[in-house]
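Below is the file target-v2.pdb, which contains PDB, C-alpha atoms.
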```pdb
ATOM      1  CA  MET A   1     -74.427   8.711 -67.614
ATOM      2  CA  ASP A   2     -71.250  10.710 -67.091
ATOM      3  CA  MET A   3     -68.502   9.368 -64.860
ATOM      4  CA  ARG A   4     -69.096  12.275 -62.480
ATOM      5  CA  GLU A   5     -72.533  10.927 -61.609
ATOM      6  CA  VAL A   6     -71.106   7.407 -61.230
ATOM      7  CA  TYR A   7     -68.526   8.703 -58.759
ATOM      8  CA  VAL A   8     -71.186  10.669 -56.866
ATOM      9  CA  VAL A   9     -73.476   7.630 -56.603
ATOM     10  CA  ALA A  10     -70.582   5.473 -55.357
ATOM     11  CA  GLY A  11     -69.335   8.172 -52.987
ATOM     12  CA  SER A  12     -72.836   8.738 -51.647
ATOM     13  CA  PHE A  13     -73.278   5.003 -51.034
ATOM     14  CA  VAL A  14     -69.959   4.714 -49.168
ATOM     15  CA  GLY A  15     -70.486   7.964 -47.267
ATOM     16  CA  PHE A  16     -73.914   7.022 -45.972
ATOM     17  CA  GLN A  17     -72.674   3.541 -45.057
ATOM     18  CA  LEU A  18     -69.839   5.067 -43.006
ATOM     19  CA  LEU A  19     -72.289   7.466 -41.407
ATOM     20  CA  PHE A  20     -74.463   4.513 -40.397
ATOM     21  CA  SER A  21     -71.667   2.235 -39.173
ATOM     22  CA  CYS A  22     -69.166   4.666 -37.653
ATOM     23  CA  VAL A  23     -70.367   8.228 -37.229
ATOM     24  CA  SER A  24     -73.920   7.769 -35.955
ATOM     25  CA  PRO A  25     -73.047   5.365 -33.083
ATOM     26  CA  VAL A  26     -70.333   7.720 -31.799
ATOM     27  CA  LEU A  27     -72.385  10.899 -32.075
ATOM     28  CA  SER A  28     -75.555   9.330 -30.693
ATOM     29  CA  SER A  29     -73.842   7.724 -27.682
ATOM     30  CA  ASN A  30     -72.093  11.000 -26.810
ATOM     31  CA  PHE A  31     -75.092  13.303 -27.198
ATOM     32  CA  THR A  32     -78.030  11.028 -26.266
ATOM     33  CA  GLN A  33     -77.991   9.140 -22.964
ATOM     34  CA  GLY A  34     -80.805   6.793 -23.910
ATOM     35  CA  TYR A  35     -79.080   5.584 -27.094
ATOM     36  CA  GLY A  36     -76.980   2.950 -25.312
ATOM     37  CA  LYS A  37     -80.048   1.507 -23.591
ATOM     38  CA  LEU A  38     -81.839   0.685 -26.823
ATOM     39  CA  PRO A  39     -82.083  -2.967 -27.969
ATOM     40  CA  PRO A  40     -79.919  -3.966 -30.986
ATOM     41  CA  ASN A  41     -82.781  -3.830 -33.496
ATOM     42  CA  LYS A  42     -83.655  -0.294 -32.425
ATOM     43  CA  LEU A  43     -80.004   0.748 -32.569
ATOM     44  CA  ASN A  44     -79.930  -0.135 -36.257
ATOM     45  CA  ASP A  45     -83.203   1.682 -36.800
ATOM     46  CA  TRP A  46     -81.872   4.715 -34.928
ATOM     47  CA  ASN A  47     -78.693   4.860 -36.999
ATOM     48  CA  SER A  48     -80.590   4.400 -40.248
ATOM     49  CA  ARG A  49     -82.972   7.228 -39.355
ATOM     50  CA  LEU A  50     -80.096   9.537 -38.498
ATOM     51  CA  VAL A  51     -78.630   8.791 -41.938
ATOM     52  CA  SER A  52     -82.073   9.382 -43.455
ATOM     53  CA  THR A  53     -82.262  12.780 -41.748
ATOM     54  CA  VAL A  54     -78.824  13.812 -43.021
ATOM     55  CA  HIS A  55     -79.723  12.733 -46.561
ATOM     56  CA  ALA A  56     -83.044  14.564 -46.416
ATOM     57  CA  LEU A  57     -81.432  17.815 -45.277
ATOM     58  CA  ILE A  58     -78.712  17.681 -47.952
ATOM     59  CA  VAL A  59     -81.051  16.825 -50.815
ATOM     60  CA  GLY A  60     -83.990  18.948 -49.653
ATOM     61  CA  LEU A  61     -81.975  22.137 -49.197
ATOM     62  CA  PHE A  62     -80.180  21.525 -52.505
ATOM     63  CA  CYS A  63     -83.620  21.247 -54.146
ATOM     64  CA  VAL A  64     -84.660  24.633 -52.780
ATOM     65  CA  TYR A  65     -81.430  26.181 -54.062
ATOM     66  CA  ILE A  66     -82.012  24.750 -57.548
ATOM     67  CA  LEU A  67     -85.630  25.954 -57.643
ATOM     68  CA  TRP A  68     -84.534  29.469 -56.731
ATOM     69  CA  TYR A  69     -81.329  29.889 -58.684
ATOM     70  CA  ASP A  70     -81.099  27.372 -61.550
ATOM     71  CA  ASP A  71     -82.615  29.408 -64.400
ATOM     72  CA  ALA A  72     -81.838  26.825 -67.078
ATOM     73  CA  VAL A  73     -83.913  24.119 -65.388
ATOM     74  CA  ASN A  74     -86.756  26.467 -64.478
ATOM     75  CA  GLU A  75     -87.015  27.826 -68.024
ATOM     76  CA  ASP A  76     -86.955  24.388 -69.681
ATOM     77  CA  PRO A  77     -88.358  21.816 -67.232
ATOM     78  CA  PHE A  78     -87.959  18.962 -69.749
ATOM     79  CA  TRP A  79     -84.458  19.350 -71.130
ATOM     80  CA  GLY A  80     -82.885  22.331 -69.337
ATOM     81  CA  ASP A  81     -79.250  21.914 -68.274
ATOM     82  CA  PRO A  82     -79.623  19.148 -65.653
ATOM     83  CA  ASN A  83     -76.116  19.481 -64.221
ATOM     84  CA  LEU A  84     -77.081  20.381 -60.633
ATOM     85  CA  VAL A  85     -80.202  18.217 -60.637
ATOM     86  CA  LYS A  86     -78.204  15.180 -61.767
ATOM     87  CA  LEU A  87     -75.782  15.785 -58.910
ATOM     88  CA  ASN A  88     -78.644  15.878 -56.419
ATOM     89  CA  VAL A  89     -80.313  12.815 -57.925
ATOM     90  CA  ALA A  90     -76.997  10.938 -57.868
ATOM     91  CA  ILE A  91     -76.694  11.619 -54.133
ATOM     92  CA  THR A  92     -80.193  10.234 -53.649
ATOM     93  CA  CYS A  93     -79.473   7.144 -55.774
ATOM     94  CA  GLY A  94     -76.401   6.397 -53.657
ATOM     95  CA  TYR A  95     -78.575   6.692 -50.562
ATOM     96  CA  LEU A  96     -81.226   4.377 -52.028
ATOM     97  CA  PHE A  97     -78.605   1.731 -52.853
ATOM     98  CA  TYR A  98     -77.227   2.015 -49.302
ATOM     99  CA  ASP A  99     -80.722   1.643 -47.833
ATOM    100  CA  LEU A 100     -81.500  -1.403 -49.993
ATOM    101  CA  VAL A 101     -78.316  -3.103 -48.762
ATOM    102  CA  LEU A 102     -79.200  -2.192 -45.179
ATOM    103  CA  LEU A 103     -82.686  -3.661 -45.546
ATOM    104  CA  ALA A 104     -81.300  -6.848 -47.092
ATOM    105  CA  CYS A 105     -78.744  -7.295 -44.287
ATOM    106  CA  ASN A 106     -81.335  -6.661 -41.550
ATOM    107  CA  TRP A 107     -84.428  -8.057 -43.212
ATOM    108  CA  SER A 108     -85.817  -9.842 -40.143
ATOM    109  CA  ALA A 109     -85.889  -6.608 -38.127
ATOM    110  CA  MET A 110     -86.193  -3.872 -40.758
ATOM    111  CA  GLY A 111     -87.373  -5.606 -43.930
ATOM    112  CA  ASP A 112     -90.310  -3.977 -45.676
ATOM    113  CA  VAL A 113     -91.495  -4.952 -49.151
ATOM    114  CA  PHE A 114     -93.086  -1.526 -49.598
ATOM    115  CA  PHE A 115     -89.775   0.280 -49.101
ATOM    116  CA  VAL A 116     -88.001  -2.086 -51.483
ATOM    117  CA  CYS A 117     -90.610  -1.429 -54.186
ATOM    118  CA  HIS A 118     -90.444   2.309 -53.494
ATOM    119  CA  HIS A 119     -86.650   2.392 -53.775
ATOM    120  CA  LEU A 120     -86.566   0.305 -56.961
ATOM    121  CA  ALA A 121     -89.251   2.457 -58.588
ATOM    122  CA  ALA A 122     -87.387   5.616 -57.603
ATOM    123  CA  LEU A 123     -84.115   4.272 -58.993
ATOM    124  CA  TYR A 124     -85.873   3.374 -62.250
ATOM    125  CA  ALA A 125     -87.328   6.873 -62.613
ATOM    126  CA  TYR A 126     -84.143   8.680 -61.561
ATOM    127  CA  GLY A 127     -82.198   6.562 -64.038
ATOM    128  CA  PHE A 128     -83.771   8.558 -66.873
ATOM    129  CA  VAL A 129     -82.558  11.781 -65.283
ATOM    130  CA  LEU A 130     -78.999  10.498 -64.911
ATOM    131  CA  THR A 131     -78.715   8.785 -68.296
ATOM    132  CA  ARG A 132     -80.766  11.073 -70.543
ATOM    133  CA  GLY A 133     -81.038  14.305 -68.574
ATOM    134  CA  ALA A 134     -84.827  14.214 -68.927
ATOM    135  CA  LEU A 135     -87.301  16.043 -66.668
ATOM    136  CA  PRO A 136     -84.754  17.782 -64.414
ATOM    137  CA  TYR A 137     -87.259  20.318 -63.071
ATOM    138  CA  PHE A 138     -89.873  17.707 -62.197
ATOM    139  CA  ALA A 139     -87.322  15.339 -60.620
ATOM    140  CA  ASN A 140     -86.007  18.163 -58.470
ATOM    141  CA  PHE A 141     -89.516  19.278 -57.540
ATOM    142  CA  ARG A 142     -90.387  15.803 -56.238
ATOM    143  CA  LEU A 143     -87.234  15.605 -54.126
ATOM    144  CA  ILE A 144     -88.222  18.710 -52.164
ATOM    145  CA  SER A 145     -90.633  16.466 -50.249
ATOM    146  CA  GLU A 146     -87.590  15.154 -48.355
ATOM    147  CA  LEU A 147     -87.712  18.269 -46.169
ATOM    148  CA  SER A 148     -90.485  16.644 -44.121
ATOM    149  CA  THR A 149     -88.401  13.540 -43.358
ATOM    150  CA  PRO A 150     -86.355  14.989 -40.435
ATOM    151  CA  PHE A 151     -89.560  15.715 -38.501
ATOM    152  CA  VAL A 152     -90.910  12.207 -39.146
ATOM    153  CA  ASN A 153     -87.633  10.691 -37.930
ATOM    154  CA  GLN A 154     -87.542  12.981 -34.893
ATOM    155  CA  ARG A 155     -90.959  11.709 -33.910
ATOM    156  CA  TRP A 156     -89.542   8.176 -33.907
ATOM    157  CA  PHE A 157     -86.502   9.291 -31.866
ATOM    158  CA  PHE A 158     -88.755  10.767 -29.177
ATOM    159  CA  GLU A 159     -90.833   7.582 -29.077
ATOM    160  CA  ALA A 160     -87.728   5.359 -28.850
ATOM    161  CA  LEU A 161     -86.437   7.441 -25.920
ATOM    162  CA  GLY A 162     -89.727   7.088 -24.071
ATOM    163  CA  TYR A 163     -90.967  10.670 -24.308
ATOM    164  CA  PRO A 164     -94.710  10.901 -23.525
ATOM    165  CA  ARG A 165     -96.878  12.096 -26.378
ATOM    166  CA  THR A 166     -97.942  15.133 -24.361
ATOM    167  CA  HIS A 167     -94.360  16.330 -23.846
ATOM    168  CA  PRO A 168     -93.928  19.871 -25.247
ATOM    169  CA  LEU A 169     -91.062  18.773 -27.510
ATOM    170  CA  VAL A 170     -93.138  15.924 -28.939
ATOM    171  CA  VAL A 171     -96.156  18.155 -29.466
ATOM    172  CA  GLY A 172     -94.042  20.909 -31.044
ATOM    173  CA  ASN A 173     -92.356  18.453 -33.403
ATOM    174  CA  GLY A 174     -95.718  16.918 -34.282
ATOM    175  CA  VAL A 175     -97.204  20.272 -35.217
ATOM    176  CA  ALA A 176     -94.096  21.214 -37.218
ATOM    177  CA  MET A 177     -94.184  17.808 -38.946
ATOM    178  CA  ALA A 178     -97.818  18.278 -39.972
ATOM    179  CA  ILE A 179     -97.201  21.803 -41.290
ATOM    180  CA  VAL A 180     -94.021  20.983 -43.220
ATOM    181  CA  PHE A 181     -95.466  17.717 -44.567
ATOM    182  CA  PHE A 182     -98.480  19.640 -45.856
ATOM    183  CA  LEU A 183     -96.369  22.378 -47.439
ATOM    184  CA  VAL A 184     -93.832  20.161 -49.258
ATOM    185  CA  ARG A 185     -96.061  17.207 -50.156
ATOM    186  CA  ILE A 186     -99.682  18.364 -50.373
ATOM    187  CA  ALA A 187     -99.760  22.116 -51.069
ATOM    188  CA  VAL A 188     -97.347  21.653 -53.984
ATOM    189  CA  MET A 189     -99.669  19.237 -55.804
ATOM    190  CA  PRO A 190    -101.877  21.795 -57.629
ATOM    191  CA  PRO A 191     -99.022  23.872 -59.145
ATOM    192  CA  TYR A 192     -97.040  20.716 -59.938
ATOM    193  CA  TRP A 193     -99.873  18.981 -61.767
ATOM    194  CA  ALA A 194    -100.907  22.219 -63.494
ATOM    195  CA  LYS A 195     -97.415  22.356 -64.983
ATOM    196  CA  VAL A 196     -97.621  18.663 -65.919
ATOM    197  CA  PHE A 197    -101.037  18.933 -67.618
ATOM    198  CA  ALA A 198     -99.889  22.009 -69.546
ATOM    199  CA  THR A 199     -97.259  19.864 -71.282
ATOM    200  CA  PHE A 200     -99.597  17.114 -72.513
ATOM    201  CA  GLY A 201     -99.711  16.877 -76.291
ATOM    202  CA  THR A 202     -96.774  19.213 -76.844
ATOM    203  CA  PRO A 203     -93.813  18.187 -79.033
ATOM    204  CA  THR A 204     -91.584  18.294 -75.975
ATOM    205  CA  PHE A 205     -93.824  15.805 -74.168
ATOM    206  CA  GLU A 206     -93.886  13.492 -77.192
ATOM    207  CA  ARG A 207     -90.089  13.632 -77.404
ATOM    208  CA  LEU A 208     -89.853  11.935 -73.992
ATOM    209  CA  GLY A 209     -91.091   8.606 -75.325
ATOM    210  CA  LEU A 210     -93.537   6.177 -73.759
ATOM    211  CA  ALA A 211     -91.133   4.667 -71.203
ATOM    212  CA  ILE A 212     -90.299   8.013 -69.586
ATOM    213  CA  GLN A 213     -93.892   9.227 -69.796
ATOM    214  CA  VAL A 214     -95.198   6.150 -67.981
ATOM    215  CA  ALA A 215     -92.437   6.196 -65.349
ATOM    216  CA  TRP A 216     -93.041   9.894 -64.722
ATOM    217  CA  ILE A 217     -96.844   9.986 -64.531
ATOM    218  CA  VAL A 218     -97.496   6.654 -62.805
ATOM    219  CA  SER A 219     -94.843   7.188 -60.118
ATOM    220  CA  CYS A 220     -96.119  10.693 -59.370
ATOM    221  CA  VAL A 221     -99.745   9.540 -59.112
ATOM    222  CA  CYS A 222     -98.802   6.719 -56.730
ATOM    223  CA  LEU A 223     -96.637   8.992 -54.572
ATOM    224  CA  ASP A 224     -99.337  11.636 -54.300
ATOM    225  CA  ILE A 225    -101.932   9.054 -53.285
ATOM    226  CA  LEU A 226     -99.576   7.820 -50.559
ATOM    227  CA  ASN A 227     -98.782  11.372 -49.473
ATOM    228  CA  THR A 228    -102.489  12.149 -49.138
ATOM    229  CA  ILE A 229    -103.041   9.058 -46.995
ATOM    230  CA  TRP A 230    -100.019   9.875 -44.827
ATOM    231  CA  MET A 231    -101.160  13.499 -44.470
ATOM    232  CA  TYR A 232    -104.535  12.322 -43.205
ATOM    233  CA  LYS A 233    -102.891  10.057 -40.623
ATOM    234  CA  ILE A 234    -100.444  12.753 -39.518
ATOM    235  CA  ALA A 235    -103.185  15.373 -39.195
ATOM    236  CA  ARG A 236    -105.380  12.976 -37.257
ATOM    237  CA  GLY A 237    -102.552  12.047 -34.871
ATOM    238  CA  CYS A 238    -101.574  15.702 -34.425
ATOM    239  CA  TYR A 239    -105.178  16.616 -33.625
ATOM    240  CA  LYS A 240    -105.448  13.853 -31.025
ATOM    241  CA  VAL A 241    -102.208  14.892 -29.306
ATOM    242  CA  ILE A 242    -103.121  18.581 -29.205
ATOM    243  CA  THR A 243    -106.685  18.038 -28.014
ATOM    244  CA  GLY A 244    -105.471  15.464 -25.469
ATOM    245  CA  LYS A 245    -102.938  17.926 -24.108
ATOM    246  CA  LEU A 246    -105.573  20.655 -23.888
ATOM    247  CA  ARG A 247    -107.969  18.338 -22.055
ATOM    248  CA  GLY A 248    -105.159  17.362 -19.697
ATOM    249  CA  SER A 249    -104.407  21.009 -18.986
ATOM    250  CA  LYS A 250    -108.073  21.696 -18.226
ATOM    251  CA  VAL A 251    -108.221  18.761 -15.813
ATOM    252  CA  VAL A 252    -105.105  19.953 -13.986
ATOM    253  CA  SER A 253    -106.537  23.479 -13.845
ATOM    254  CA  LYS A 254    -109.814  22.222 -12.366
ATOM    255  CA  LYS A 255    -107.985  20.161  -9.736
ATOM    256  CA  THR A 256    -105.878  23.157  -8.767
ATOM    257  CA  ASN A 257    -108.934  25.379  -8.435
ATOM    258  CA  TYR A 258    -110.707  22.748  -6.374
ATOM    259  CA  THR A 259    -107.768  22.456  -3.992
ATOM    260  CA  ASN A 260    -107.443  26.211  -3.674
ATOM    261  CA  ASN A 261    -111.105  26.586  -2.784
ATOM    262  CA  HIS A 262    -110.604  24.327   0.231
ATOM    263  CA  THR A 263    -107.372  25.872   1.461
ATOM    264  CA  ASP A 264    -108.509  29.509   1.421
TER     265      ASP A 264
END
```
Mind turning this structure into structure tokens?
Amino acid sequence: MDMREVYVVAGSFVGFQLLFSCVSPVLSSNFTQGYGKLPPNKLNDWNSRLVSTVHALIVGLFCVYILWYDDAVNEDPFWGDPNLVKLNVAITCGYLFYDLVLLACNWSAMGDVFFVCHHLAALYAYGFVLTRGALPYFANFRLISELSTPFVNQRWFFEALGYPRTHPLVVGNGVAMAIVFFLVRIAVMPPYWAKVFATFGTPTFERLGLAIQVAWIVSCVCLDILNTIWMYKIARGCYKVITGKLRGSKVVSKKTNYTNNHTD
């Protein structure tokens, strides 16, 4: 791994830590009245989710740029010049290290074994990208899923601030979350796996070695299973909110008509 990636990982870790400790509390207290009324455990969760949203926007938009404009990676998904992808992955690794430290320091309130396993597995897989420059296209393609994270976090923000589920902002965010989650995590599965299966048995695939092959395939299968489960839950929740709001509107409409019939 080049020193540039080491510096980016370290800078990302420090930057996200400062965003959590210093920037988020100031911005949130100035722009959100309900922030100061939250209990301490929710304040930490709020700040961590704001950091998560910033990370997701940086990495997700960078992914889109690479997919559109990085010809070297798109032409050779296994060993194409990984310069930009390594930069993006290094930012993510710094974020994952920051989040692991945050979880360890606030384990009683925020600790989650699943997230620890997820972060460690991701760091293991991304390590091959940073150290050997392997699979830059596929690593970048998986990171595009981060574009759904801001909507997931926004849903939590609304809930923490006490917004009812039928509020137009909550409903609008829920619909947007379901659509974006589907587009960047579910709809991309067929073309992604078609590209993966097309490489099986090729000399390029064999050159990866067993360790990278296992880390690549197993992690992707597990993530896609989780994404499918989460998509089902999101779609189900979105359906309940929308249908509940429609039923509520019909009830209000009937009451209004009933009242008007007696006042005419």
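Nearest residue to Val59 of chain A among A:Tyr163, A:Phe141, A:Phe97, A:Phe13 is A:Phe141, counting only C-alpha atoms.
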* For Asp81 of chain A, which of A:Tyr98, A:Phe115, A:Tyr35, A:Tyr137 is the closest residue, counting all atoms listed in the file? -> A:Tyr137
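If all atoms listed in the file are the atoms counted, then among A:Leu135, A:Leu103, A:Tyr126, A:Thr53 the closest residue to Val152 of chain A is A:Thr53.
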* To do: Output the residue selection produced by the PyMOL selection byres ((chain A and resi 180) around 12) on the file above, formatted as an NGL selection string.
  => :A and (144-152 or 173-179 or 181-188 or 231 or 234-235)
* Carefully work through the PyMOL selection byres ((chain A and resi 26-29) around 12) for this structure and note down the residues it includes, as a ChimeraX atom specification. => /A:18-25,30-38,43-44,46-51,157
To verify the selection step, state as an mmCIF file with C-alpha atoms, keeping the file's coordinate frame which residues the PyMOL selection byres ((chain A and resi 119) around 9) yields on this input.
```cif
data_model
loop_
_atom_site.group_PDB
_atom_site.id
_atom_site.type_symbol
_atom_site.label_atom_id
_atom_site.label_comp_id
_atom_site.auth_asym_id
_atom_site.auth_seq_id
_atom_site.Cartn_x
_atom_site.Cartn_y
_atom_site.Cartn_z
ATOM 1 C CA CYS A 93 -79.473 7.144 -55.774
ATOM 2 C CA LEU A 96 -81.226 4.377 -52.028
ATOM 3 C CA PHE A 97 -78.605 1.731 -52.853
ATOM 4 C CA ASP A 99 -80.722 1.643 -47.833
ATOM 5 C CA LEU A 100 -81.500 -1.403 -49.993
ATOM 6 C CA PHE A 114 -93.086 -1.526 -49.598
ATOM 7 C CA PHE A 115 -89.775 0.280 -49.101
ATOM 8 C CA VAL A 116 -88.001 -2.086 -51.483
ATOM 9 C CA CYS A 117 -90.610 -1.429 -54.186
ATOM 10 C CA HIS A 118 -90.444 2.309 -53.494
ATOM 11 C CA LEU A 120 -86.566 0.305 -56.961
ATOM 12 C CA ALA A 121 -89.251 2.457 -58.588
ATOM 13 C CA ALA A 122 -87.387 5.616 -57.603
ATOM 14 C CA LEU A 123 -84.115 4.272 -58.993
ATOM 15 C CA TYR A 124 -85.873 3.374 -62.250
#
```
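Atom CA of Trp68 of chain A lies 26.1 Å from atom CA of Thr228 of chain A.
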* Structure fact -> atom CA of Leu84 of chain A sits from atom CA of Gln154 of chain A at a separation of 28.8 Å
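Neighbouring residues of Thr202 of chain A at 12 Å or closer, counting all atoms listed in the file and skipping chain neighbours under 6 positions away, are A:Phe78, A:Val196, A:Leu208.
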* Minimum-distance residue to Val9 of chain A, chosen among A:Gly127, A:Tyr192, A:Asp70, A:Trp216 (using only C-alpha atoms) -> A:Gly127
* **Long-range neighbours of Lys195 of chain A as a list in words, 12 Å cut-off, only C-alpha atoms, 4 positions minimum in chain** => Asn74, Asp76, Pro77, Phe78, Tyr137, Phe138, Phe141, Val188, Met189, Pro190, Pro191, Thr199, Phe200 and Phe205 of chain A
* Structure fact -> Across A:Cys105, A:Ile212, A:Val73, A:Ile242, the smallest distance to Arg132 of chain A, with only C-alpha atoms counted, is shown by A:Ile212
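Among A:Gly237, A:Gly11, A:Asn227, A:Lys42, the residue with the shortest atom-to-atom distance to Leu161 of chain A, counting all atoms listed in the file, is A:Lys42.
Rounded to one decimal, atom CA of Leu57 of chain A and atom CA of Leu87 of chain A lie 14.9 Å from each other.
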Could you work out an axis-aligned box for segment 144-151 of chain A, taking every atom the file lists and adding 3 Å on each side, and report centre and edge lengths in Å to one decimal, as AutoDock Vina command-line options?
```
--center_x -88.5 --center_y 16.1 --center_z -45.3 --size_x 10.3 --size_y 11.2 --size_z 19.7
```
Since the input lacks atoms, please generate N, CA, C and O atoms for segment 164-178 of chain A and provide them as a tab-separated table (two decimals), in the frame of the given file.
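What follows is the written file result.tsv:
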```
chain	number	residue	atom	x	y	z
A	164	PRO	N	-93.24	10.99	-23.42
A	164	PRO	CA	-94.71	10.90	-23.52
A	164	PRO	C	-95.22	11.76	-24.67
A	164	PRO	O	-94.60	12.77	-25.04
A	165	ARG	N	-96.34	11.37	-25.22
A	165	ARG	CA	-96.88	12.10	-26.38
A	165	ARG	C	-97.30	13.52	-26.05
A	165	ARG	O	-97.44	14.35	-26.95
A	166	THR	N	-97.53	13.79	-24.76
A	166	THR	CA	-97.94	15.13	-24.36
A	166	THR	C	-96.76	16.04	-24.02
A	166	THR	O	-96.95	17.19	-23.63
A	167	HIS	N	-95.54	15.51	-24.14
A	167	HIS	CA	-94.36	16.33	-23.85
A	167	HIS	C	-94.30	17.50	-24.84
A	167	HIS	O	-94.56	17.33	-26.03
A	168	PRO	N	-93.96	18.70	-24.36
A	168	PRO	CA	-93.93	19.87	-25.25
A	168	PRO	C	-93.07	19.68	-26.50
A	168	PRO	O	-93.44	20.15	-27.58
A	169	LEU	N	-91.92	19.00	-26.35
A	169	LEU	CA	-91.06	18.77	-27.51
A	169	LEU	C	-91.74	17.87	-28.54
A	169	LEU	O	-91.63	18.09	-29.75
A	170	VAL	N	-92.44	16.86	-28.05
A	170	VAL	CA	-93.14	15.92	-28.94
A	170	VAL	C	-94.29	16.63	-29.64
A	170	VAL	O	-94.50	16.49	-30.86
A	171	VAL	N	-95.04	17.42	-28.87
A	171	VAL	CA	-96.16	18.16	-29.47
A	171	VAL	C	-95.66	19.17	-30.49
A	171	VAL	O	-96.19	19.28	-31.59
A	172	GLY	N	-94.60	19.91	-30.12
A	172	GLY	CA	-94.04	20.91	-31.04
A	172	GLY	C	-93.54	20.28	-32.32
A	172	GLY	O	-93.79	20.81	-33.43
A	173	ASN	N	-92.84	19.14	-32.21
A	173	ASN	CA	-92.36	18.45	-33.40
A	173	ASN	C	-93.52	17.92	-34.23
A	173	ASN	O	-93.47	17.96	-35.47
A	174	GLY	N	-94.56	17.43	-33.56
A	174	GLY	CA	-95.72	16.92	-34.28
A	174	GLY	C	-96.42	17.99	-35.10
A	174	GLY	O	-96.81	17.76	-36.25
A	175	VAL	N	-96.58	19.16	-34.50
A	175	VAL	CA	-97.20	20.27	-35.22
A	175	VAL	C	-96.33	20.70	-36.40
A	175	VAL	O	-96.82	20.92	-37.52
A	176	ALA	N	-95.02	20.83	-36.14
A	176	ALA	CA	-94.10	21.21	-37.22
A	176	ALA	C	-94.11	20.18	-38.33
A	176	ALA	O	-94.08	20.52	-39.53
A	177	MET	N	-94.15	18.89	-37.95
A	177	MET	CA	-94.18	17.81	-38.95
A	177	MET	C	-95.42	17.92	-39.83
A	177	MET	O	-95.34	17.80	-41.06
A	178	ALA	N	-96.58	18.16	-39.21
A	178	ALA	CA	-97.82	18.28	-39.97
A	178	ALA	C	-97.77	19.47	-40.93
A	178	ALA	O	-98.18	19.37	-42.09
```
